[in-house]
$ cat work34.pdb   # PDB, C-alpha atoms
ATOM      1  CA  MET A   1     -23.088  -1.458 -44.555
ATOM      2  CA  ALA A   2     -25.861  -2.331 -42.082
ATOM      3  CA  ILE A   3     -24.412  -5.806 -41.555
ATOM      4  CA  ALA A   4     -20.989  -4.341 -40.790
ATOM      5  CA  VAL A   5     -22.502  -1.958 -38.215
ATOM      6  CA  ILE A   6     -24.433  -4.777 -36.549
ATOM      7  CA  GLU A   7     -21.310  -6.955 -36.458
ATOM      8  CA  SER A   8     -19.312  -4.102 -34.934
ATOM      9  CA  ILE A   9     -21.932  -3.519 -32.249
ATOM     10  CA  GLY A  10     -22.139  -7.238 -31.516
ATOM     11  CA  GLN A  11     -18.361  -7.537 -31.255
ATOM     12  CA  LYS A  12     -18.110  -4.566 -28.894
ATOM     13  CA  THR A  13     -20.947  -5.921 -26.759
ATOM     14  CA  ASN A  14     -19.303  -9.328 -26.609
ATOM     15  CA  ASN A  15     -15.968  -7.781 -25.612
ATOM     16  CA  ALA A  16     -17.642  -5.672 -22.922
ATOM     17  CA  LEU A  17     -19.382  -8.709 -21.458
ATOM     18  CA  ALA A  18     -16.109 -10.663 -21.509
ATOM     19  CA  VAL A  19     -14.306  -7.853 -19.658
ATOM     20  CA  PHE A  20     -17.173  -7.608 -17.180
ATOM     21  CA  GLY A  21     -17.030 -11.325 -16.477
ATOM     22  CA  ASP A  22     -13.255 -11.285 -16.193
ATOM     23  CA  PHE A  23     -13.446  -8.418 -13.699
ATOM     24  CA  TRP A  24     -15.847 -10.304 -11.443
ATOM     25  CA  ARG A  25     -13.691 -13.423 -11.633
ATOM     26  CA  PHE A  26     -10.737 -11.257 -10.613
ATOM     27  CA  SER A  27     -12.820  -9.775  -7.779
ATOM     28  CA  GLY A  28     -13.896 -13.224  -6.635
ATOM     29  CA  ARG A  29     -10.297 -14.376  -6.354
ATOM     30  CA  ALA A  30      -9.380 -11.225  -4.426
ATOM     31  CA  PHE A  31     -12.222 -11.676  -1.929
ATOM     32  CA  GLY A  32     -11.384 -15.376  -1.699
ATOM     33  CA  TRP A  33      -7.847 -14.594  -0.572
ATOM     34  CA  LEU A  34      -9.217 -11.842   1.674
ATOM     35  CA  ALA A  35     -11.476 -14.330   3.445
ATOM     36  CA  PHE A  36      -8.808 -17.031   3.762
ATOM     37  CA  GLY A  37      -5.711 -15.408   5.142
ATOM     38  CA  GLY A  38      -5.832 -11.785   4.048
ATOM     39  CA  LEU A  39      -6.058 -10.513   7.626
ATOM     40  CA  ARG A  40      -3.394 -12.730   9.164
ATOM     41  CA  TRP A  41      -0.786 -11.095  11.358
ATOM     42  CA  LYS A  42       2.089 -12.000   9.036
ATOM     43  CA  ASN A  43       0.436 -10.070   6.199
ATOM     44  CA  LEU A  44       0.743  -6.768   8.082
ATOM     45  CA  ARG A  45       4.139  -6.183   6.482
ATOM     46  CA  LEU A  46       2.318  -6.026   3.149
ATOM     47  CA  LEU A  47      -0.652  -4.041   4.452
ATOM     48  CA  LEU A  48       0.993  -1.240   6.440
ATOM     49  CA  PRO A  49       2.816   0.393   3.477
ATOM     50  CA  GLN A  50      -0.446   0.421   1.518
ATOM     51  CA  MET A  51      -2.308   1.954   4.435
ATOM     52  CA  TYR A  52       0.293   4.688   4.596
ATOM     53  CA  GLU A  53      -0.011   5.322   0.861
ATOM     54  CA  VAL A  54      -3.804   5.294   0.786
ATOM     55  CA  GLY A  55      -4.433   6.987   4.118
ATOM     56  CA  VAL A  56      -1.654   9.257   5.315
ATOM     57  CA  ARG A  57      -0.605  10.607   1.929
ATOM     58  CA  SER A  58      -4.208  11.335   0.972
ATOM     59  CA  VAL A  59      -4.934  13.485   4.023
ATOM     60  CA  PRO A  60      -3.923  16.872   2.521
ATOM     61  CA  VAL A  61      -6.033  16.581  -0.625
ATOM     62  CA  ILE A  62      -9.026  15.256   1.342
ATOM     63  CA  ALA A  63      -8.675  18.068   3.877
ATOM     64  CA  ILE A  64      -8.573  20.800   1.249
ATOM     65  CA  THR A  65     -11.487  19.311  -0.694
ATOM     66  CA  GLY A  66     -13.709  18.859   2.348
ATOM     67  CA  ALA A  67     -13.057  22.270   3.874
ATOM     68  CA  PHE A  68     -13.601  24.275   0.708
ATOM     69  CA  ILE A  69     -16.750  22.364  -0.240
ATOM     70  CA  GLY A  70     -18.304  23.393   3.087
ATOM     71  CA  MET A  71     -17.214  26.985   2.529
ATOM     72  CA  VAL A  72     -18.614  27.097  -0.991
ATOM     73  CA  MET A  73     -21.944  25.660   0.131
ATOM     74  CA  ALA A  74     -22.244  28.327   2.830
ATOM     75  CA  ILE A  75     -21.571  31.118   0.338
ATOM     76  CA  GLU A  76     -23.913  29.759  -2.331
ATOM     77  CA  THR A  77     -26.886  28.989  -0.057
ATOM     78  CA  TYR A  78     -26.770  32.032   2.236
ATOM     79  CA  THR A  79     -28.451  34.433  -0.197
ATOM     80  CA  GLN A  80     -31.397  32.112  -0.901
ATOM     81  CA  PHE A  81     -31.958  31.378   2.788
ATOM     82  CA  LYS A  82     -31.696  35.046   3.765
ATOM     83  CA  THR A  83     -34.258  35.972   1.101
ATOM     84  CA  ILE A  84     -36.899  33.874   2.853
ATOM     85  CA  GLY A  85     -35.711  34.773   6.354
ATOM     86  CA  GLN A  86     -34.339  31.328   7.172
ATOM     87  CA  GLU A  87     -30.616  32.014   7.316
ATOM     88  CA  TYR A  88     -30.491  30.604  10.861
ATOM     89  CA  ARG A  89     -31.283  27.191   9.370
ATOM     90  CA  LEU A  90     -28.293  27.325   7.050
ATOM     91  CA  GLY A  91     -26.320  24.874   9.165
ATOM     92  CA  SER A  92     -28.833  22.066   8.709
ATOM     93  CA  ILE A  93     -28.693  22.058   4.906
ATOM     94  CA  ILE A  94     -24.908  22.490   4.776
ATOM     95  CA  ASN A  95     -24.097  19.757   7.263
ATOM     96  CA  LEU A  96     -26.736  17.349   5.964
ATOM     97  CA  SER A  97     -25.469  17.715   2.397
ATOM     98  CA  VAL A  98     -21.853  17.285   3.491
ATOM     99  CA  VAL A  99     -22.210  14.165   5.639
ATOM    100  CA  LYS A 100     -24.815  12.414   3.495
ATOM    101  CA  GLN A 101     -23.801  13.060  -0.118
ATOM    102  CA  ILE A 102     -21.084  15.549  -0.980
ATOM    103  CA  GLY A 103     -18.483  14.462   1.584
ATOM    104  CA  PRO A 104     -18.458  10.730   0.784
ATOM    105  CA  VAL A 105     -18.727  11.193  -2.984
ATOM    106  CA  LEU A 106     -16.057  13.860  -3.332
ATOM    107  CA  ALA A 107     -13.690  12.053  -0.966
ATOM    108  CA  ALA A 108     -14.092   8.895  -3.045
ATOM    109  CA  VAL A 109     -13.591  10.778  -6.314
ATOM    110  CA  MET A 110     -10.411  12.392  -5.024
ATOM    111  CA  LEU A 111      -9.141   8.981  -3.885
ATOM    112  CA  ALA A 112     -10.014   7.503  -7.266
ATOM    113  CA  GLY A 113      -7.886  10.166  -8.924
ATOM    114  CA  ARG A 114      -4.967   9.994  -6.554
ATOM    115  CA  ILE A 115      -4.849   6.413  -5.259
ATOM    116  CA  GLY A 116      -6.569   4.719  -8.191
ATOM    117  CA  GLY A 117      -4.128   6.117 -10.709
ATOM    118  CA  ALA A 118      -1.138   5.289  -8.516
ATOM    119  CA  LEU A 119      -2.244   1.693  -7.958
ATOM    120  CA  THR A 120      -2.948   1.161 -11.638
ATOM    121  CA  ALA A 121       0.383   2.660 -12.686
ATOM    122  CA  GLU A 122       2.339   0.589 -10.146
ATOM    123  CA  LEU A 123       0.703  -2.724 -10.982
ATOM    124  CA  GLY A 124       0.607  -1.908 -14.687
ATOM    125  CA  THR A 125       4.342  -1.299 -14.698
ATOM    126  CA  MET A 126       4.875  -4.615 -12.934
ATOM    127  CA  ASN A 127       2.693  -6.284 -15.549
ATOM    128  CA  VAL A 128       4.541  -4.690 -18.475
ATOM    129  CA  THR A 129       7.936  -5.618 -17.039
ATOM    130  CA  GLU A 130       6.714  -9.219 -16.483
ATOM    131  CA  GLN A 131       7.129  -9.096 -12.717
ATOM    132  CA  LEU A 132       3.640 -10.556 -12.282
ATOM    133  CA  ASP A 133       4.595 -13.496 -14.508
ATOM    134  CA  ALA A 134       7.747 -13.992 -12.468
ATOM    135  CA  MET A 135       5.689 -14.235  -9.283
ATOM    136  CA  ARG A 136       3.444 -16.851 -10.888
ATOM    137  CA  VAL A 137       6.469 -18.866 -11.987
ATOM    138  CA  MET A 138       7.761 -18.854  -8.397
ATOM    139  CA  GLY A 139       4.410 -20.206  -7.200
ATOM    140  CA  ALA A 140       3.161 -16.971  -5.624
ATOM    141  CA  ASP A 141      -0.274 -15.636  -6.498
ATOM    142  CA  PRO A 142       0.034 -11.911  -7.390
ATOM    143  CA  ILE A 143      -3.548 -11.308  -6.329
ATOM    144  CA  ARG A 144      -2.798 -12.509  -2.814
ATOM    145  CA  TYR A 145       0.391 -10.518  -2.349
ATOM    146  CA  LEU A 146      -0.362  -7.407  -4.408
ATOM    147  CA  VAL A 147      -4.125  -6.943  -4.689
ATOM    148  CA  VAL A 148      -5.426  -8.025  -1.282
ATOM    149  CA  PRO A 149      -3.307  -5.570   0.794
ATOM    150  CA  ARG A 150      -4.319  -2.686  -1.491
ATOM    151  CA  LEU A 151      -7.956  -3.712  -1.358
ATOM    152  CA  ILE A 152      -7.940  -3.918   2.441
ATOM    153  CA  ALA A 153      -6.312  -0.495   2.677
ATOM    154  CA  CYS A 154      -8.974   1.035   0.425
ATOM    155  CA  LEU A 155     -11.808  -0.671   2.327
ATOM    156  CA  LEU A 156     -10.584   0.419   5.756
ATOM    157  CA  LEU A 157      -9.284   3.897   5.083
ATOM    158  CA  THR A 158     -11.865   5.323   2.682
ATOM    159  CA  PRO A 159     -14.486   5.548   5.488
ATOM    160  CA  MET A 160     -11.906   7.137   7.794
ATOM    161  CA  LEU A 161     -10.952   9.703   5.188
ATOM    162  CA  THR A 162     -14.639  10.345   4.557
ATOM    163  CA  ILE A 163     -15.174  11.105   8.255
ATOM    164  CA  TYR A 164     -12.220  13.481   8.114
ATOM    165  CA  SER A 165     -13.616  15.145   4.998
ATOM    166  CA  ASP A 166     -17.035  15.494   6.656
ATOM    167  CA  MET A 167     -15.539  17.097   9.748
ATOM    168  CA  LEU A 168     -13.623  19.672   7.751
ATOM    169  CA  GLY A 169     -16.637  20.324   5.514
ATOM    170  CA  VAL A 170     -18.775  21.013   8.587
ATOM    171  CA  LEU A 171     -16.096  23.275  10.075
ATOM    172  CA  GLY A 172     -15.611  25.073   6.761
ATOM    173  CA  GLY A 173     -19.318  25.771   6.465
ATOM    174  CA  TRP A 174     -19.436  26.997  10.077
ATOM    175  CA  LEU A 175     -16.427  29.245   9.548
ATOM    176  CA  ILE A 176     -18.020  31.079   6.622
ATOM    177  CA  ALA A 177     -21.599  31.093   7.935
ATOM    178  CA  VAL A 178     -20.848  32.209  11.497
ATOM    179  CA  LYS A 179     -17.541  34.042  11.353
ATOM    180  CA  SER A 180     -17.923  35.670   7.949
ATOM    181  CA  LEU A 181     -21.660  35.988   7.214
ATOM    182  CA  GLY A 182     -22.652  36.779  10.786
ATOM    183  CA  ILE A 183     -25.128  33.988  11.543
ATOM    184  CA  PRO A 184     -25.416  33.499  15.345
ATOM    185  CA  ASN A 185     -23.503  30.490  16.563
ATOM    186  CA  GLN A 186     -26.157  28.937  18.808
ATOM    187  CA  PRO A 187     -29.020  28.815  16.229
ATOM    188  CA  TYR A 188     -26.597  27.525  13.603
ATOM    189  CA  TRP A 189     -25.679  24.456  15.651
ATOM    190  CA  PHE A 190     -29.213  24.016  17.048
ATOM    191  CA  TYR A 191     -30.751  23.617  13.588
ATOM    192  CA  SER A 192     -27.773  21.537  12.464
ATOM    193  CA  ALA A 193     -28.465  19.072  15.271
ATOM    194  CA  GLN A 194     -32.124  18.960  14.267
ATOM    195  CA  GLY A 195     -31.360  18.336  10.599
ATOM    196  CA  VAL A 196     -28.625  15.717  10.952
ATOM    197  CA  ASP A 197     -29.024  12.506  12.911
ATOM    198  CA  THR A 198     -26.983   9.335  13.281
ATOM    199  CA  TRP A 199     -28.679   7.689  10.295
ATOM    200  CA  GLN A 200     -27.452  10.329   7.838
ATOM    201  CA  VAL A 201     -23.916  10.183   9.197
ATOM    202  CA  MET A 202     -23.788   6.389   9.028
ATOM    203  CA  GLU A 203     -25.292   6.403   5.536
ATOM    204  CA  GLY A 204     -22.323   8.371   4.231
ATOM    205  CA  ILE A 205     -19.817   6.147   6.045
ATOM    206  CA  VAL A 206     -21.402   2.914   4.805
ATOM    207  CA  LYS A 207     -21.409   4.184   1.222
ATOM    208  CA  SER A 208     -17.757   5.162   1.465
ATOM    209  CA  PHE A 209     -16.831   1.584   2.426
ATOM    210  CA  PHE A 210     -18.243   0.320  -0.864
ATOM    211  CA  PHE A 211     -16.712   3.250  -2.760
ATOM    212  CA  GLY A 212     -13.304   2.223  -1.415
ATOM    213  CA  GLY A 213     -13.850  -1.375  -2.481
ATOM    214  CA  ALA A 214     -14.795  -0.278  -5.986
ATOM    215  CA  ILE A 215     -11.718   1.943  -6.264
ATOM    216  CA  GLY A 216      -9.367  -0.796  -5.057
ATOM    217  CA  LEU A 217     -10.769  -3.549  -7.285
ATOM    218  CA  ILE A 218     -11.054  -1.456 -10.450
ATOM    219  CA  SER A 219      -7.598   0.070 -10.064
ATOM    220  CA  CYS A 220      -5.891  -3.265  -9.453
ATOM    221  CA  TYR A 221      -7.793  -4.961 -12.278
ATOM    222  CA  LYS A 222      -6.834  -2.256 -14.752
ATOM    223  CA  GLY A 223      -3.206  -2.575 -13.678
ATOM    224  CA  PHE A 224      -3.243  -6.361 -14.110
ATOM    225  CA  THR A 225      -4.820  -6.136 -17.582
ATOM    226  CA  CYS A 226      -3.117  -3.054 -19.030
ATOM    227  CA  GLY A 227      -1.655  -3.041 -22.524
ATOM    228  CA  SER A 228       2.020  -3.227 -23.314
ATOM    229  CA  GLY A 229       4.363  -0.270 -23.107
ATOM    230  CA  ALA A 230       4.084   3.132 -21.496
ATOM    231  CA  SER A 231       1.027   3.995 -23.588
ATOM    232  CA  GLY A 232      -0.785   0.920 -22.286
ATOM    233  CA  VAL A 233      -0.095   1.909 -18.685
ATOM    234  CA  GLY A 234      -1.233   5.464 -19.399
ATOM    235  CA  ARG A 235      -4.508   4.303 -20.939
ATOM    236  CA  ALA A 236      -5.070   1.946 -18.006
ATOM    237  CA  CYS A 237      -4.660   4.829 -15.531
ATOM    238  CA  THR A 238      -7.185   6.940 -17.428
ATOM    239  CA  GLU A 239      -9.641   4.054 -17.702
ATOM    240  CA  SER A 240      -9.176   3.313 -14.010
ATOM    241  CA  PHE A 241     -10.204   6.810 -12.937
ATOM    242  CA  VAL A 242     -13.111   7.065 -15.375
ATOM    243  CA  THR A 243     -14.481   3.632 -14.466
ATOM    244  CA  SER A 244     -14.065   4.281 -10.735
ATOM    245  CA  PHE A 245     -15.845   7.619 -11.059
ATOM    246  CA  ILE A 246     -18.768   6.013 -12.901
ATOM    247  CA  ALA A 247     -18.928   3.214 -10.321
ATOM    248  CA  ILE A 248     -19.030   5.760  -7.481
ATOM    249  CA  ILE A 249     -21.863   7.715  -9.085
ATOM    250  CA  VAL A 250     -23.885   4.578  -9.867
ATOM    251  CA  LEU A 251     -23.352   3.110  -6.384
ATOM    252  CA  ASN A 252     -24.334   6.432  -4.825
ATOM    253  CA  PHE A 253     -27.627   6.401  -6.737
ATOM    254  CA  PHE A 254     -28.548   2.892  -5.655
ATOM    255  CA  PHE A 255     -27.505   3.520  -2.057
ATOM    256  CA  ALA A 256     -29.599   6.701  -1.963
ATOM    257  CA  GLN A 257     -32.696   4.728  -2.954
ATOM    258  CA  LEU A 258     -31.857   1.769  -0.718
ATOM    259  CA  MET A 259     -31.154   3.872   2.360
ATOM    260  CA  LYS A 260     -34.325   5.911   1.855
ATOM    261  CA  ASP A 261     -36.411   2.728   1.665
ATOM    262  CA  TRP A 262     -34.751   1.340   4.804
ATOM    263  CA  TYR A 263     -35.297   4.637   6.632
ATOM    264  CA  ILE A 264     -39.000   4.624   5.751
ATOM    265  CA  THR A 265     -39.276   0.982   6.812
ATOM    266  CA  ILE A 266     -37.672   1.633  10.194
ATOM    267  CA  TYR A 267     -38.854   5.153  11.079
ATOM    268  CA  GLY A 268     -41.842   5.665   8.790
ATOM    269  CA  VAL A 269     -42.578   8.448   6.321
ATOM    270  CA  ARG A 270     -42.910  10.948   9.148
ATOM    271  CA  GLY A 271     -39.206  10.567   9.925
ATOM    272  CA  ILE A 272     -38.241  12.037   6.559
ATOM    273  CA  PHE A 273     -40.081  15.263   7.253
ATOM    274  CA  GLY A 274     -39.068  15.493  10.883
TER     275      GLY A 274
END

$ encode --input "work34.pdb" --output "structure tokens"
Amino acid sequence: MAIAVIESIGQKTNNALAVFGDFWRFSGRAFGWLAFGGLRWKNLRLLLPQMYEVGVRSVPVIAITGAFIGMVMAIETYTQFKTIGQEYRLGSIINLSVVKQIGPVLAAVMLAGRIGGALTAELGTMNVTEQLDAMRVMGADPIRYLVVPRLIACLLLTPMLTIYSDMLGVLGGWLIAVKSLGIPNQPYWFYSAQGVDTWQVMEGIVKSFFFGGAIGLISCYKGFTCGSGASGVGRACTESFVTSFIAIIVLNFFFAQLMKDWYITIYGVRGIFG
């Protein structure tokens, strides 16, 4: 019994390592094509439809998510701040949380659910119907023509959508705090400006660039390696979202530590506490 359990664990570990290695080989080929010809002018005909799909069609869900997150934060934090007589400082904590952590992470998660699933389903269907094999037979690399444009779209537009989400989160928090809860407008923005600087804003944007890359690579890889039939495509879509979500959370943790260390190195410990 014990031997069977050990063998099962070893087999699963070996399979996981094989998948991990295969994913990075897939990623290496994608970045190779990206570096050597992915941004050529003639490839715009492949890129523009993906930018429309990733960017324009994601605007409504990003807008709703960002705005209501700011509103919820204002409602939830107002009571605690008012208890200690610091409700005028509400803007600093809302806007700092939105631009540094909540905005980039939630925007990426929503993109992983909407775009990641769509990319996996599209490429998975092409894989199941042997369209990818047909491209290889004709001498065309599917990674170059299918993966690279989707990856570029995710890399470029995730930061833009994050900025949009941050803006609406800030406006949503202001709308509830000032217009509904009665916090004076001038102190709200004064303390917001004190609490948020360029470093925090850029930290969220830089993280979102890597979030977009993770979403694009994982979604395309799952589509290329999905099982046969409709059930295989369905499982690949689920695995794509779950894996992308985990990657976003893990990357966010490491970036939080990395950015804090860089901030201390550049500005010193005093910069953290104002």

$ resolve_selection --input "work34.pdb" --expression "the PyMOL selection byres ((chain A and resi 88) around 10)" --output "PyMOL selection string"
chain A and resi 78+81-82+85-87+89-92+177-178+182-192

$ write_last_selection --input "work34.pdb" --atoms "C-alpha atoms" --output "PDB file, in the coordinates of the input"
ATOM      1  CA  TYR A  78     -26.770  32.032   2.236  1.00  0.00           C
ATOM      2  CA  PHE A  81     -31.958  31.378   2.788  1.00  0.00           C
ATOM      3  CA  LYS A  82     -31.696  35.046   3.765  1.00  0.00           C
ATOM      4  CA  GLY A  85     -35.711  34.773   6.354  1.00  0.00           C
ATOM      5  CA  GLN A  86     -34.339  31.328   7.172  1.00  0.00           C
ATOM      6  CA  GLU A  87     -30.616  32.014   7.316  1.00  0.00           C
ATOM      7  CA  ARG A  89     -31.283  27.191   9.370  1.00  0.00           C
ATOM      8  CA  LEU A  90     -28.293  27.325   7.050  1.00  0.00           C
ATOM      9  CA  GLY A  91     -26.320  24.874   9.165  1.00  0.00           C
ATOM     10  CA  SER A  92     -28.833  22.066   8.709  1.00  0.00           C
ATOM     11  CA  ALA A 177     -21.599  31.093   7.935  1.00  0.00           C
ATOM     12  CA  VAL A 178     -20.848  32.209  11.497  1.00  0.00           C
ATOM     13  CA  GLY A 182     -22.652  36.779  10.786  1.00  0.00           C
ATOM     14  CA  ILE A 183     -25.128  33.988  11.543  1.00  0.00           C
ATOM     15  CA  PRO A 184     -25.416  33.499  15.345  1.00  0.00           C
ATOM     16  CA  ASN A 185     -23.503  30.490  16.563  1.00  0.00           C
ATOM     17  CA  GLN A 186     -26.157  28.937  18.808  1.00  0.00           C
ATOM     18  CA  PRO A 187     -29.020  28.815  16.229  1.00  0.00           C
ATOM     19  CA  TYR A 188     -26.597  27.525  13.603  1.00  0.00           C
ATOM     20  CA  TRP A 189     -25.679  24.456  15.651  1.00  0.00           C
ATOM     21  CA  PHE A 190     -29.213  24.016  17.048  1.00  0.00           C
ATOM     22  CA  TYR A 191     -30.751  23.617  13.588  1.00  0.00           C
ATOM     23  CA  SER A 192     -27.773  21.537  12.464  1.00  0.00           C
TER      24      SER A 192
END

$ resolve_selection --input "work34.pdb" --expression "the PyMOL selection byres ((chain A and resi 56) around 12)" --output "PyMOL selection string"
chain A and resi 48-55+57-63+111+115+153+157-158+160-161+164

$ write_last_selection --input "work34.pdb" --atoms "C-alpha atoms" --output "short mmCIF file (atom, residue, chain, number, x, y, z; two decimals), keeping the file's coordinate frame"
data_model
loop_
_atom_site.label_atom_id
_atom_site.label_comp_id
_atom_site.auth_asym_id
_atom_site.auth_seq_id
_atom_site.Cartn_x
_atom_site.Cartn_y
_atom_site.Cartn_z
CA LEU A 48 0.99 -1.24 6.44
CA PRO A 49 2.82 0.39 3.48
CA GLN A 50 -0.45 0.42 1.52
CA MET A 51 -2.31 1.95 4.43
CA TYR A 52 0.29 4.69 4.60
CA GLU A 53 -0.01 5.32 0.86
CA VAL A 54 -3.80 5.29 0.79
CA GLY A 55 -4.43 6.99 4.12
CA ARG A 57 -0.60 10.61 1.93
CA SER A 58 -4.21 11.34 0.97
CA VAL A 59 -4.93 13.48 4.02
CA PRO A 60 -3.92 16.87 2.52
CA VAL A 61 -6.03 16.58 -0.62
CA ILE A 62 -9.03 15.26 1.34
CA ALA A 63 -8.68 18.07 3.88
CA LEU A 111 -9.14 8.98 -3.88
CA ILE A 115 -4.85 6.41 -5.26
CA ALA A 153 -6.31 -0.50 2.68
CA LEU A 157 -9.28 3.90 5.08
CA THR A 158 -11.86 5.32 2.68
CA MET A 160 -11.91 7.14 7.79
CA LEU A 161 -10.95 9.70 5.19
CA TYR A 164 -12.22 13.48 8.11
#

$ closest_residue --input "work34.pdb" --among "A:Leu119, A:Ile205, A:Leu156, A:Ala18" --to "Phe224 in chain A" --atoms "all atoms listed in the file"
A:Leu119

$ resolve_selection --input "work34.pdb" --expression "the PyMOL selection byres ((chain A and resi 204) around 8)" --output "ChimeraX atom specification"
/A:99-101,103-104,162,200-203,205-208

$ closest_atom_pairs --input "work34.pdb" --of "range 77-160 of chain A" --to "range 231-241 of chain A" --cutoff "8 Å" --atoms "all atoms listed in the file" --output "JSON lines"
{"residue": "A:Ala112", "atom": "CA", "partner": "A:Phe241", "partner_atom": "CA", "distance": 5.7}
{"residue": "A:Gly113", "atom": "CA", "partner": "A:Phe241", "partner_atom": "CA", "distance": 5.7}
{"residue": "A:Gly116", "atom": "CA", "partner": "A:Phe241", "partner_atom": "CA", "distance": 6.3}
{"residue": "A:Gly117", "atom": "CA", "partner": "A:Cys237", "partner_atom": "CA", "distance": 5.0}
{"residue": "A:Ala118", "atom": "CA", "partner": "A:Cys237", "partner_atom": "CA", "distance": 7.9}
{"residue": "A:Thr120", "atom": "CA", "partner": "A:Cys237", "partner_atom": "CA", "distance": 5.6}
{"residue": "A:Ala121", "atom": "CA", "partner": "A:Val233", "partner_atom": "CA", "distance": 6.1}
{"residue": "A:Gly124", "atom": "CA", "partner": "A:Val233", "partner_atom": "CA", "distance": 5.6}
{"residue": "A:Thr125", "atom": "CA", "partner": "A:Val233", "partner_atom": "CA", "distance": 6.8}

$ closest_residue --input "work34.pdb" --among "A:Ser219, A:Ser8, A:Ser165, A:Ser244" --to "Asn95 in chain A" --atoms "all atoms listed in the file"
A:Ser165

$ closest_residue --input "work34.pdb" --among "A:Phe23, A:Trp262, A:Phe68, A:Phe31" --to "Trp199 in chain A" --atoms "all atoms listed in the file"
A:Trp262

$ atom_distance --input "work34.pdb" --atom1 "CA of Ala107 in chain A" --atom2 "CA of Ala193 in chain A"
23.0 Å

$ residues_around --input "work34.pdb" --residues "Phe255 in chain A" --least-positions-apart "2" --cutoff "10 Å" --atoms "only C-alpha atoms" --output "list in words"
Glu203, Gly204, Val206, Lys207, Phe210, Ile249, Val250, Leu251, Asn252, Phe253, Gln257, Leu258, Met259, Lys260 and Asp261 of chain A

$ axis_aligned_box --input "work34.pdb" --around "range 41-54 of chain A" --padding-each-side "4 Å" --output "AutoDock Vina command-line options"
--center_x 0.2 --center_y -3.3 --center_z 6.1 --size_x 15.9 --size_y 25.3 --size_z 18.6

$ atom_distance --input "work34.pdb" --atom1 "CA of Gly213 in chain A" --atom2 "CA of Met110 in chain A"
14.4 Å

$ atom_distance --input "work34.pdb" --atom1 "CA of Asp133 in chain A" --atom2 "CA of Leu46 in chain A"
19.3 Å

$ closest_residue --input "work34.pdb" --among "A:Met71, A:Leu175, A:Ile3, A:Ala35" --to "Arg144 in chain A" --atoms "only C-alpha atoms"
A:Ala35

$ closest_residue --input "work34.pdb" --among "A:Val109, A:Val148, A:Leu168, A:Gly227" --to "Gly66 in chain A" --atoms "all atoms listed in the file"
A:Leu168

$ closest_residue --input "work34.pdb" --among "A:Phe26, A:Thr129, A:Phe20, A:Ile84" --to "Ser228 in chain A" --atoms "all atoms listed in the file"
A:Thr129
